[in-house]
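Q: Mind having a look at this structure? Questions to follow.
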Amino acid sequence: MKRVVLFGPPGVGKGTQGGRLAAALGVPAISTGDLFRAHVKNGTDLGRRLSALIAAGDYVPDSITNTMLAERLAEPDAGGGFLLDGYPRTADQVAELDRLLARSGESLDAVLLLAASDEVLEERLLKRAAAEGRSDDTLEVIRHRLGLYHAETEPLVALYDAADLVLRVDGVGTPDEVQDRLIAVIAEREPSALS
């Protein structure tokens, strides 16, 4: 299991779990949010365009996201697999990821779906905003991001369900508890994945 998508709403713990799980699988964790924020922090032309979208909690256009992801997947460390966090978020991105993988005769191994209620997610994101000073985590923006997730991204689960790729995991609990659940569902699907 080397090509994995970590799926779920904002605040469910994808960032926390992504790095841990990628290390356990021996693949790089690739977060589109981190790629976007790096452009903003570095003041690139793209970063200036992305800044307003990120602050408002809007999705970055597919054309930009797809290009950034294709460039990242072409880097040598991703040749043996990857764990994606924050991608795909739209049906067009699902199709683009399928095209990118098909070019090298590959496909996804699993979609790990972390779940939590909107109330839990709002509370987590507000705490994160206070701790990290993130301008993209006001209550209004959080609710907007959750609405976008439910309208545009959550329906993608059905596409991956149809391909028998979705492994569901309760995202509520300590990071260690959630990690244990993720490892358990991976080991059940593919016992040799973590050895």
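The chains in the structure tokens are called A, B, ... from first to last as shown; in each chain the residues are counted from 1, and the ligands are counted from 1 in the order shown.
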List as CSV every residue of region 1-95 of chain A that is in contact with region 145-156 of chain A, defined as an atom at most 12 Å from one of its atoms (using only C-alpha atoms), together with the nearest atom pair and the distance in Å rounded to one decimal, sorted by chain and then rising number.
A:
residue,atom,partner,partner_atom,distance
A:Val5,CA,A:Leu156,CA,12.0
A:Phe7,CA,A:Glu154,CA,8.9
A:Gly8,CA,A:Glu154,CA,7.7
A:Pro9,CA,A:Tyr149,CA,6.1
A:Pro10,CA,A:Leu146,CA,6.6
A:Gly11,CA,A:Leu146,CA,9.2
A:Val12,CA,A:Leu146,CA,10.8
A:Leu53,CA,A:Arg145,CA,11.2
A:Ile54,CA,A:Arg145,CA,10.0
A:Ala55,CA,A:Arg145,CA,10.6
A:Ala56,CA,A:Arg145,CA,8.6
A:Gly57,CA,A:Arg145,CA,5.4
A:Asp58,CA,A:Arg145,CA,6.9
A:Tyr59,CA,A:Leu148,CA,8.1
A:Val60,CA,A:Leu148,CA,11.9
A:Gly86,CA,A:Thr153,CA,9.9
A:Tyr87,CA,A:Thr153,CA,9.5
A:Pro88,CA,A:Thr153,CA,7.9
A:Arg89,CA,A:Thr153,CA,4.9
A:Thr90,CA,A:Thr153,CA,5.6
A:Ala91,CA,A:Leu156,CA,6.6
A:Asp92,CA,A:Leu156,CA,10.2
A:Gln93,CA,A:Leu156,CA,10.0
A:Val94,CA,A:Leu156,CA,8.0
A:Ala95,CA,A:Leu156,CA,10.8
Q: Based on the selection just made, write C-alpha atoms of those residues as a JSON list (two decimals), in the first residue's frame.
A:
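Resulting contents of part_0.json:
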[["chain", "number", "residue", "atom", "x", "y", "z"],
["A", 5, "VAL", "CA", -5.25, 9.47, -0.11],
["A", 7, "PHE", "CA", -9.55, 12.09, 3.12],
["A", 8, "GLY", "CA", -11.82, 14.00, 5.46],
["A", 9, "PRO", "CA", -13.16, 17.42, 6.39],
["A", 10, "PRO", "CA", -11.04, 20.36, 7.54],
["A", 11, "GLY", "CA", -9.83, 19.90, 11.12],
["A", 12, "VAL", "CA", -10.28, 16.13, 11.25],
["A", 53, "LEU", "CA", -8.44, 32.42, -1.54],
["A", 54, "ILE", "CA", -6.86, 30.75, 1.48],
["A", 55, "ALA", "CA", -7.89, 33.54, 3.85],
["A", 56, "ALA", "CA", -11.50, 33.22, 2.66],
["A", 57, "GLY", "CA", -11.46, 29.42, 2.94],
["A", 58, "ASP", "CA", -12.14, 28.97, -0.78],
["A", 59, "TYR", "CA", -10.75, 26.16, -2.90],
["A", 60, "VAL", "CA", -7.81, 26.97, -5.15],
["A", 86, "GLY", "CA", -6.00, 17.76, 0.70],
["A", 87, "TYR", "CA", -6.16, 16.27, -2.77],
["A", 88, "PRO", "CA", -8.38, 15.45, -4.54],
["A", 89, "ARG", "CA", -11.15, 17.83, -3.49],
["A", 90, "THR", "CA", -13.23, 17.97, -6.67],
["A", 91, "ALA", "CA", -14.39, 15.51, -9.33],
["A", 92, "ASP", "CA", -12.00, 17.11, -11.84],
["A", 93, "GLN", "CA", -9.12, 16.49, -9.42],
["A", 94, "VAL", "CA", -10.16, 12.83, -9.05],
["A", 95, "ALA", "CA", -10.02, 12.47, -12.85]]
Q: Within 10 Å of Val169 (chain A), counting only C-alpha atoms, which residues qualify if same-chain residues fewer than 2 places away don't, as a PyMOL selection string?
A: chain A and resi 8+112-116+166-167+171-172+178-185
Q: From the options A:Leu194, A:Pro28, A:Ser135, A:Ile186, which residue's atoms come nearest to Glu75 (chain A), counting only C-alpha atoms?
A: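 Closest residue, counting only C-alpha atoms: A:Pro28.
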Q: Among region 2-88 of chain A, which residues does DSSP mark as alpha helix (DSSP H) when it is run on the backbone? Keep the chain and numbering as in the structure and answer as a PyMOL selection string.
A: chain A and resi 14-25+32-41+45-56+62-73
Q: Could you take the residues named above and write them with C-alpha atoms, as an mmCIF file, in the first residue's frame?
A:
data_model
loop_
_atom_site.group_PDB
_atom_site.id
_atom_site.type_symbol
_atom_site.label_atom_id
_atom_site.label_comp_id
_atom_site.auth_asym_id
_atom_site.auth_seq_id
_atom_site.Cartn_x
_atom_site.Cartn_y
_atom_site.Cartn_z
ATOM 1 C CA LYS A 14 -5.255 14.869 8.248
ATOM 2 C CA GLY A 15 -2.163 17.018 8.824
ATOM 3 C CA THR A 16 -1.363 15.374 12.145
ATOM 4 C CA GLN A 17 -1.950 11.855 10.872
ATOM 5 C CA GLY A 18 -0.491 12.358 7.402
ATOM 6 C CA GLY A 19 3.133 12.672 8.482
ATOM 7 C CA ARG A 20 2.888 9.836 10.986
ATOM 8 C CA LEU A 21 1.192 7.479 8.572
ATOM 9 C CA ALA A 22 3.464 8.365 5.657
ATOM 10 C CA ALA A 23 6.470 7.501 7.818
ATOM 11 C CA ALA A 24 4.891 4.154 8.741
ATOM 12 C CA LEU A 25 4.242 3.416 5.047
ATOM 13 C CA THR A 32 -1.587 20.645 -1.064
ATOM 14 C CA GLY A 33 -2.360 23.079 1.766
ATOM 15 C CA ASP A 34 1.310 23.053 2.766
ATOM 16 C CA LEU A 35 2.326 23.617 -0.866
ATOM 17 C CA PHE A 36 -0.059 26.588 -1.102
ATOM 18 C CA ARG A 37 1.055 28.092 2.226
ATOM 19 C CA ALA A 38 4.724 27.796 1.181
ATOM 20 C CA HIS A 39 4.002 29.901 -1.909
ATOM 21 C CA VAL A 40 2.200 32.482 0.232
ATOM 22 C CA LYS A 41 5.025 32.560 2.818
ATOM 23 C CA ASP A 45 3.437 35.493 -7.717
ATOM 24 C CA LEU A 46 1.275 32.413 -7.208
ATOM 25 C CA GLY A 47 1.397 32.927 -3.447
ATOM 26 C CA ARG A 48 0.000 36.436 -3.791
ATOM 27 C CA ARG A 49 -2.897 35.094 -5.875
ATOM 28 C CA LEU A 50 -3.525 32.260 -3.413
ATOM 29 C CA SER A 51 -3.442 34.415 -0.287
ATOM 30 C CA ALA A 52 -6.960 35.823 -0.651
ATOM 31 C CA LEU A 53 -8.442 32.419 -1.544
ATOM 32 C CA ILE A 54 -6.857 30.753 1.482
ATOM 33 C CA ALA A 55 -7.892 33.541 3.852
ATOM 34 C CA ALA A 56 -11.503 33.223 2.660
ATOM 35 C CA ASP A 62 -8.322 22.959 -10.133
ATOM 36 C CA SER A 63 -5.935 24.109 -12.870
ATOM 37 C CA ILE A 64 -3.470 25.500 -10.296
ATOM 38 C CA THR A 65 -3.873 22.628 -7.850
ATOM 39 C CA ASN A 66 -3.505 19.955 -10.531
ATOM 40 C CA THR A 67 -0.339 21.559 -11.897
ATOM 41 C CA MET A 68 1.238 21.861 -8.441
ATOM 42 C CA LEU A 69 0.394 18.263 -7.595
ATOM 43 C CA ALA A 70 1.723 16.912 -10.912
ATOM 44 C CA GLU A 71 5.008 18.762 -10.309
ATOM 45 C CA ARG A 72 5.244 17.398 -6.759
ATOM 46 C CA LEU A 73 4.484 13.805 -7.804
#
Q: Looking only at strand (DSSP E or B) from DSSP on the backbone, list the matching residues of chain A as a count of residues only.
A: 23
Q: Give me the residues within 9 Å of Asp109 (chain A) as a list in words, counting only C-alpha atoms and dropping any in the same chain fewer than 3 places off.
A: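 Counting only C-alpha atoms, the residues come to Met1, Lys2, Arg3, Val4, Val5 and Leu165 of chain A.
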Q: Can I get the selection written as a PDB file, in the first residue's frame, with C-alpha atoms?
A:
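The file below, result.pdb, is the result:
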ATOM      1  CA  MET A   1       0.000   0.000   0.000  1.00  0.00           C
ATOM      2  CA  LYS A   2       2.076   2.888  -1.329  1.00  0.00           C
ATOM      3  CA  ARG A   3      -0.387   5.264  -3.036  1.00  0.00           C
ATOM      4  CA  VAL A   4      -2.851   6.542  -0.465  1.00  0.00           C
ATOM      5  CA  VAL A   5      -5.246   9.467  -0.107  1.00  0.00           C
ATOM      6  CA  LEU A 165     -10.915   1.872  -1.985  1.00  0.00           C
TER       7      LEU A 165
END
Q: Nearest to Asp170 (chain A): which of A:Gly13, A:Gly80, A:Asp85, A:Asn42 is it, counting only C-alpha atoms?
A: A:Gly13
